[in-house]
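Undergrad: Provided below: input.pdb, containing PDB, C-alpha atoms.
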```pdb
ATOM      1  CA  MET K 106      72.186  17.114  27.342
ATOM      2  CA  ASN K 107      71.947  15.480  30.662
ATOM      3  CA  THR K 108      70.418  11.966  30.789
ATOM      4  CA  ARG K 109      68.323  12.932  33.789
ATOM      5  CA  VAL K 110      66.662  15.692  31.785
ATOM      6  CA  LEU K 111      65.976  13.280  28.922
ATOM      7  CA  ILE K 112      64.428  10.693  31.286
ATOM      8  CA  VAL K 113      62.196  13.325  32.913
ATOM      9  CA  LEU K 114      61.186  14.681  29.485
ATOM     10  CA  ALA K 115      60.354  11.133  28.295
ATOM     11  CA  LEU K 116      58.246  10.516  31.432
ATOM     12  CA  ILE K 117      56.337  13.784  30.909
ATOM     13  CA  ILE K 118      55.621  12.876  27.258
ATOM     14  CA  ALA K 119      54.517   9.352  28.303
ATOM     15  CA  GLY K 120      52.230  10.854  30.963
ATOM     16  CA  ILE K 121      50.639  13.270  28.465
ATOM     17  CA  ALA K 122      50.171  10.450  25.919
ATOM     18  CA  GLY K 123      48.572   8.202  28.584
ATOM     19  CA  TRP K 124      46.224  10.993  29.678
ATOM     20  CA  PHE K 125      45.264  11.733  26.037
ATOM     21  CA  PHE K 126      44.593   8.045  25.336
ATOM     22  CA  GLN K 127      42.452   7.734  28.480
ATOM     23  CA  GLN K 128      40.355  10.768  27.451
ATOM     24  CA  GLN K 129      39.459   9.171  24.123
ATOM     25  CA  GLY K 130      37.243   6.531  25.755
ATOM     26  CA  GLU K 131      36.396   3.337  23.929
ATOM     27  CA  VAL K 132      37.856   3.099  20.471
ATOM     28  CA  ALA K 133      35.046   1.116  18.869
ATOM     29  CA  PRO K 134      32.739  -1.727  19.798
ATOM     30  CA  PRO K 135      34.317  -5.109  19.277
ATOM     31  CA  VAL K 136      33.799  -6.619  15.843
ATOM     32  CA  SER K 137      31.751  -9.796  15.877
ATOM     33  CA  MET K 138      32.428 -12.312  13.167
ATOM     34  CA  GLU K 139      29.241 -14.312  12.546
ATOM     35  CA  THR K 140      28.622 -16.871   9.866
ATOM     36  CA  THR K 141      26.283 -15.699   7.096
ATOM     37  CA  ASP K 142      23.754 -17.412   4.862
ATOM     38  CA  VAL K 143      25.543 -16.153   1.760
ATOM     39  CA  ASP K 144      27.976 -18.007  -0.524
ATOM     40  CA  TYR K 145      28.632 -15.046  -2.777
ATOM     41  CA  GLU K 146      27.272 -11.593  -3.584
ATOM     42  CA  ALA K 147      27.584  -9.361  -6.635
ATOM     43  CA  THR K 148      26.167  -6.084  -7.944
ATOM     44  CA  ASP K 149      25.365  -4.782 -11.441
ATOM     45  CA  ILE K 150      24.759  -8.278 -12.828
ATOM     46  CA  LYS K 151      24.567  -9.057 -16.548
ATOM     47  CA  ALA K 152      24.126 -12.773 -17.195
ATOM     48  CA  VAL K 153      23.144 -15.180 -19.958
ATOM     49  CA  GLN K 154      21.660 -18.614 -19.205
ATOM     50  CA  THR K 155      22.009 -21.307 -21.865
ATOM     51  CA  ASN K 156      20.405 -24.738 -22.192
ATOM     52  CA  GLU K 157      22.162 -28.078 -22.766
ATOM     53  CA  LYS K 158      22.383 -27.373 -26.522
ATOM     54  CA  GLY K 159      24.142 -24.040 -25.914
ATOM     55  CA  GLU K 160      21.120 -22.006 -26.990
ATOM     56  CA  THR K 161      20.289 -18.890 -24.982
ATOM     57  CA  GLU K 162      17.374 -19.415 -22.562
ATOM     58  CA  TYR K 163      17.381 -15.897 -21.157
ATOM     59  CA  GLU K 164      19.456 -12.785 -20.615
ATOM     60  CA  LEU K 165      19.271 -11.152 -17.206
ATOM     61  CA  THR K 166      20.365  -7.883 -15.627
ATOM     62  CA  ALA K 167      20.013  -7.190 -11.909
ATOM     63  CA  GLU K 168      21.083  -4.548  -9.421
ATOM     64  CA  SER K 169      22.355  -7.169  -6.978
ATOM     65  CA  LEU K 170      22.630 -10.944  -6.607
ATOM     66  CA  THR K 171      23.095 -13.082  -3.509
ATOM     67  CA  HIS K 172      23.398 -16.873  -3.505
ATOM     68  CA  ASN K 173      21.822 -18.566  -0.493
ATOM     69  CA  PRO K 174      23.440 -22.008   0.082
ATOM     70  CA  GLU K 175      20.643 -23.217   2.379
ATOM     71  CA  THR K 176      17.951 -22.812  -0.298
ATOM     72  CA  ASN K 177      20.367 -23.022  -3.284
ATOM     73  CA  LEU K 178      18.620 -20.005  -4.822
ATOM     74  CA  ASP K 179      20.023 -16.935  -6.516
ATOM     75  CA  GLU K 180      18.193 -14.005  -4.888
ATOM     76  CA  MET K 181      18.208 -10.802  -6.928
ATOM     77  CA  SER K 182      16.803  -7.291  -6.773
ATOM     78  CA  GLY K 183      15.872  -4.933  -9.601
ATOM     79  CA  ILE K 184      15.782  -7.514 -12.380
ATOM     80  CA  THR K 185      15.125  -7.238 -16.094
ATOM     81  CA  MET K 186      14.936 -10.512 -18.000
ATOM     82  CA  ASN K 187      14.755 -11.046 -21.775
ATOM     83  CA  TRP K 188      13.368 -14.553 -22.131
ATOM     84  CA  GLU K 189      12.979 -16.459 -25.393
ATOM     85  CA  PRO K 190      11.344 -19.784 -24.418
ATOM     86  CA  SER K 191      10.774 -20.788 -28.064
ATOM     87  CA  ALA K 192      11.795 -19.667 -31.525
ATOM     88  CA  GLU K 193       8.373 -17.980 -31.900
ATOM     89  CA  GLN K 194       7.976 -16.201 -28.563
ATOM     90  CA  ARG K 195      10.048 -13.527 -26.789
ATOM     91  CA  TYR K 196       9.236 -11.808 -23.471
ATOM     92  CA  ARG K 197      10.591  -9.015 -21.305
ATOM     93  CA  ILE K 198      10.101  -9.394 -17.546
ATOM     94  CA  GLU K 199      10.827  -6.763 -14.928
ATOM     95  CA  ALA K 200      10.446  -7.244 -11.171
ATOM     96  CA  GLY K 201      11.463  -5.732  -7.849
ATOM     97  CA  SER K 202      13.045  -8.968  -6.638
ATOM     98  CA  ALA K 203      13.455 -12.547  -7.817
ATOM     99  CA  ALA K 204      14.635 -15.954  -6.634
ATOM    100  CA  ILE K 205      15.833 -18.425  -9.280
ATOM    101  CA  SER K 206      17.150 -21.984  -8.986
ATOM    102  CA  GLN K 207      19.725 -22.576 -11.719
ATOM    103  CA  GLN K 208      19.335 -26.368 -11.408
ATOM    104  CA  THR K 209      15.529 -26.714 -11.555
ATOM    105  CA  GLY K 210      14.634 -23.446 -13.306
ATOM    106  CA  GLU K 211      12.104 -22.513 -10.586
ATOM    107  CA  LEU K 212      11.422 -18.778 -10.657
ATOM    108  CA  SER K 213       9.645 -16.581  -8.110
ATOM    109  CA  LEU K 214       9.162 -12.844  -8.725
ATOM    110  CA  SER K 215       7.897 -10.452  -6.073
ATOM    111  CA  GLY K 216       7.791  -6.750  -5.342
ATOM    112  CA  GLY K 217       5.679  -6.131  -8.446
ATOM    113  CA  PHE K 218       6.261  -7.560 -11.915
ATOM    114  CA  SER K 219       5.664  -6.709 -15.538
ATOM    115  CA  LEU K 220       5.540  -9.414 -18.241
ATOM    116  CA  VAL K 221       5.461  -8.107 -21.818
ATOM    117  CA  SER K 222       5.333 -10.277 -24.929
ATOM    118  CA  GLU K 223       7.621  -8.769 -27.509
ATOM    119  CA  GLY K 224       5.632 -10.117 -30.403
ATOM    120  CA  ASN K 225       5.058 -13.400 -32.133
ATOM    121  CA  LYS K 226       7.450 -13.941 -35.044
ATOM    122  CA  SER K 227       4.905 -15.995 -37.008
ATOM    123  CA  ALA K 228       2.083 -13.441 -36.457
ATOM    124  CA  PRO K 229       3.669  -9.962 -36.294
ATOM    125  CA  ASP K 230       0.285  -8.192 -36.601
ATOM    126  CA  ILE K 231      -0.858  -9.415 -33.136
ATOM    127  CA  GLU K 232      -0.539  -6.723 -30.467
ATOM    128  CA  PRO K 233       1.858  -7.505 -27.584
ATOM    129  CA  ILE K 234       0.298  -8.505 -24.256
ATOM    130  CA  LYS K 235       1.382  -6.799 -21.034
ATOM    131  CA  VAL K 236       0.589  -8.456 -17.692
ATOM    132  CA  THR K 237       1.317  -6.663 -14.393
ATOM    133  CA  GLY K 238       0.822  -7.812 -10.831
ATOM    134  CA  SER K 239       2.502  -8.285  -7.466
ATOM    135  CA  THR K 240       3.912 -11.856  -7.689
ATOM    136  CA  LEU K 241       4.697 -14.305 -10.477
ATOM    137  CA  LYS K 242       5.999 -17.865 -10.254
ATOM    138  CA  GLY K 243       7.104 -20.270 -12.927
ATOM    139  CA  ASN K 244       9.829 -22.392 -14.429
ATOM    140  CA  THR K 245      12.365 -21.200 -16.986
ATOM    141  CA  LYS K 246      12.943 -24.731 -18.296
ATOM    142  CA  SER K 247       9.265 -25.554 -18.976
ATOM    143  CA  GLY K 248       8.244 -22.029 -20.024
ATOM    144  CA  GLN K 249       5.244 -22.065 -17.672
ATOM    145  CA  VAL K 250       4.359 -19.100 -15.419
ATOM    146  CA  TYR K 251       1.423 -18.402 -13.101
ATOM    147  CA  SER K 252       0.125 -15.876 -10.615
ATOM    148  CA  GLU K 253      -2.453 -16.687  -7.965
ATOM    149  CA  GLU K 254      -2.928 -12.993  -7.176
ATOM    150  CA  PRO K 255      -4.831 -10.346  -9.174
ATOM    151  CA  VAL K 256      -3.231  -9.222 -12.444
ATOM    152  CA  LYS K 257      -3.912  -6.445 -14.957
ATOM    153  CA  ILE K 258      -3.762  -7.211 -18.667
ATOM    154  CA  GLU K 259      -3.305  -4.814 -21.593
ATOM    155  CA  GLN K 260      -3.302  -5.636 -25.284
ATOM    156  CA  GLY K 261      -3.589  -2.677 -27.603
ATOM    157  CA  MET K 262      -6.726  -0.751 -26.559
ATOM    158  CA  ASN K 263      -8.092  -3.726 -24.581
ATOM    159  CA  ARG K 264      -7.691  -3.746 -20.793
ATOM    160  CA  PHE K 265      -9.054  -6.046 -18.136
ATOM    161  CA  GLU K 266      -8.275  -7.514 -14.724
ATOM    162  CA  ALA K 267      -8.221 -11.133 -13.587
ATOM    163  CA  SER K 268      -7.960 -12.847 -10.211
ATOM    164  CA  SER K 269      -5.266 -15.253 -11.457
ATOM    165  CA  MET K 270      -3.272 -16.201 -14.529
ATOM    166  CA  LYS K 271      -1.516 -19.201 -16.072
ATOM    167  CA  ALA K 272       0.569 -18.972 -19.218
ATOM    168  CA  ASN K 273       2.601 -21.248 -21.443
ATOM    169  CA  LEU K 274       5.205 -18.816 -22.747
ATOM    170  CA  GLU K 275       6.543 -21.310 -25.301
ATOM    171  CA  THR K 276       3.215 -21.338 -27.163
ATOM    172  CA  GLY K 277       1.904 -17.905 -26.107
ATOM    173  CA  GLU K 278      -1.287 -19.342 -24.567
ATOM    174  CA  TYR K 279      -2.799 -17.605 -21.531
ATOM    175  CA  GLU K 280      -5.566 -18.579 -19.091
ATOM    176  CA  PHE K 281      -7.189 -15.988 -16.807
ATOM    177  CA  GLY K 282      -9.428 -16.620 -13.809
ATOM    178  CA  GLN K 283     -12.466 -14.472 -12.923
ATOM    179  CA  VAL K 284     -12.014 -11.800 -15.566
ATOM    180  CA  ALA K 285     -13.420  -8.332 -14.824
ATOM    181  CA  VAL K 286     -13.973  -6.011 -17.772
ATOM    182  CA  ALA K 287     -15.289  -2.444 -17.731
ATOM    183  CA  PHE K 288     -17.467  -1.971 -20.811
ATOM    184  CA  THR K 289     -18.564   1.486 -21.881
ATOM    185  CA  PRO K 290     -21.173   1.231 -24.646
ATOM    186  CA  ALA K 291     -21.634   3.942 -27.230
ATOM    187  CA  GLU K 292     -23.923   6.776 -26.219
ATOM    188  CA  ARG K 293     -27.566   6.105 -27.036
ATOM    189  CA  GLN K 294     -28.993   8.077 -29.915
ATOM    190  CA  ASP K 295     -32.770   8.047 -30.418
ATOM    191  CA  LYS K 296     -33.630   8.148 -34.122
ATOM    192  CA  ALA K 297     -36.830   7.410 -35.933
ATOM    193  CA  LEU K 298     -36.647   4.090 -37.743
ATOM    194  CA  PHE K 299     -39.159   5.130 -40.441
TER     195      PHE K 299
END
```
How would this structure read if it were set down as structure tokens?
TA:
Amino acid sequence: MNTRVLIVLALIIAGIAGWFFQQQGEVAPPVSMETTDVDYEATDIKAVQTNEKGETEYELTAESLTHNPETNLDEMSGITMNWEPSAEQRYRIEAGSAAISQQTGELSLSGGFSLVSEGNKSAPDIEPIKVTGSTLKGNTKSGQVYSEEPVKIEQGMNRFEASSMKANLETGEYEFGQVAVAFTPAERQDKALF
């Protein structure tokens, strides 16, 4: 083949390719690389926290975990925590989101929480207590938790609401503020006494 024909054919192909590329417009917006507030991220978390003696403090599962270096908190969503603050007490905590400091043990739950005692080993006949509310704060090292917002409490057939709550999970002692109970007395029956 003649070189002139090849050069013309190459120029035609280059022209068509240039036209095609020009018709495509912008390829994509430029990628911006910004610094983030995150050290690390993970999903489908299953973790165990131990104390200095190597004993398990709590077991935790979460949908996702993000560590924020500015606050030094582990921020999680969709958590379930099995917490055994003492040899006598065991609790199950579920929450929409949580922030935990591994160094201090500070804990903050939000997005709704459920705290259920899974029984007292020394008194197995006592019904478990279930506390639900919107936020819960506490410390995993001291075993203390509190909520300054309204909570609902269930224990067996007993149900009541309170404006606030404090609990020592190591001993199983609870304090409730401004308790509201709905009491339905038995229906009155008029009977002659004599």
Undergrad: Skipping near chain neighbours, those fewer than 4 positions away, what residues fall within 10 Å of Gln283 (chain K) using all atoms listed in the file, listed as a list in words?
TA: Pro255, Glu266, Ala267, Ser268, Ser269 and Met270 of chain K
Undergrad: Written as a ChimeraX atom specification, which residues does the PyMOL selection byres ((chain K and resi 216) around 7) give for the file shown?
TA: /K:200-202,215,217-218,239-240
Undergrad: Please compute the CA of Arg109 (chain K)-CA of Ala122 (chain K) distance, one decimal, in Å.
TA: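 Separation between CA of Arg109 (chain K) and CA of Ala122 (chain K): 19.9 Å.
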Undergrad: Show me, as a PyMOL selection string, the residues that have an atom within 9 Å of region 142-157 of chain K when counting only C-alpha atoms, minus same-chain residues fewer than 3 positions from it.
TA: chain K and resi 160-175+207+246
Undergrad: Between CA of Thr245 (chain K) and CA of Leu212 (chain K), what is the spacing in Å?
TA: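 It comes out at 6.8 Å.
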Undergrad: Calculate, to one decimal in Å, the centre and edge lengths of the box along x, y and z of the file that holds all listed atoms of region 212-222 of chain K with 3 Å of margin on each side, and present them as AutoDock Vina command-line options.
TA:
```
--center_x 8.4 --center_y -12.5 --center_z -15.1 --size_x 12.1 --size_y 18.6 --size_z 25.6
```
Undergrad: Can you pull out every residue within 9 Å of Lys271 (chain K), counting only C-alpha atoms, but drop anything in the same chain fewer than 6 positions away, and send it as a PyMOL selection string?
TA: chain K and resi 249-253+278-282
Undergrad: Enter the distance from CA of Lys235 (chain K) to CA of Gly261 (chain K), in Å, rounded to one decimal.
TA: 9.2 Å
Undergrad: Counting only C-alpha atoms, what is within 7 Å of Pro190 (chain K), bar same-chain residues fewer than 3 positions away, as a VMD selection string?
TA: chain K and resid 162 194 to 195 248 274 to 275
Undergrad: Given the choices K:Val113, K:Leu214, K:Ala203, K:Ala192, which gets closest to Gly238 (chain K) if the distance is worked out from only C-alpha atoms?
TA: K:Leu214
Undergrad: Which residues fall under the PyMOL selection byres ((chain K and resi 199) around 8) in this file, as an MDAnalysis selection string?
TA: chainID K and resid 183:186 197:198 200:201 218:220
Undergrad: Could you pull out every residue with an atom within 9 Å of (15.0, -19.3, -7.4), file coordinates, counting all atoms listed in the file, and send them as a ChimeraX atom specification?
TA: /K:176-180,203-207,209-214
Undergrad: How would the residues just picked look written out with C-alpha atoms as a PDB file, in the frame of the given file?
TA:
```
ATOM      1  CA  THR K 176      17.951 -22.812  -0.298  1.00  0.00           C
ATOM      2  CA  ASN K 177      20.367 -23.022  -3.284  1.00  0.00           C
ATOM      3  CA  LEU K 178      18.620 -20.005  -4.822  1.00  0.00           C
ATOM      4  CA  ASP K 179      20.023 -16.935  -6.516  1.00  0.00           C
ATOM      5  CA  GLU K 180      18.193 -14.005  -4.888  1.00  0.00           C
ATOM      6  CA  ALA K 203      13.455 -12.547  -7.817  1.00  0.00           C
ATOM      7  CA  ALA K 204      14.635 -15.954  -6.634  1.00  0.00           C
ATOM      8  CA  ILE K 205      15.833 -18.425  -9.280  1.00  0.00           C
ATOM      9  CA  SER K 206      17.150 -21.984  -8.986  1.00  0.00           C
ATOM     10  CA  GLN K 207      19.725 -22.576 -11.719  1.00  0.00           C
ATOM     11  CA  THR K 209      15.529 -26.714 -11.555  1.00  0.00           C
ATOM     12  CA  GLY K 210      14.634 -23.446 -13.306  1.00  0.00           C
ATOM     13  CA  GLU K 211      12.104 -22.513 -10.586  1.00  0.00           C
ATOM     14  CA  LEU K 212      11.422 -18.778 -10.657  1.00  0.00           C
ATOM     15  CA  SER K 213       9.645 -16.581  -8.110  1.00  0.00           C
ATOM     16  CA  LEU K 214       9.162 -12.844  -8.725  1.00  0.00           C
TER      17      LEU K 214
END
```
Undergrad: Using all atoms listed in the file, which of the listed residues (K:Pro233, K:Gly243, K:Gly120, K:Gly277) sits closest to Glu259 (chain K)?
TA: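 Among the listed residues, the smallest separation from Glu259 (chain K) belongs to K:Pro233.
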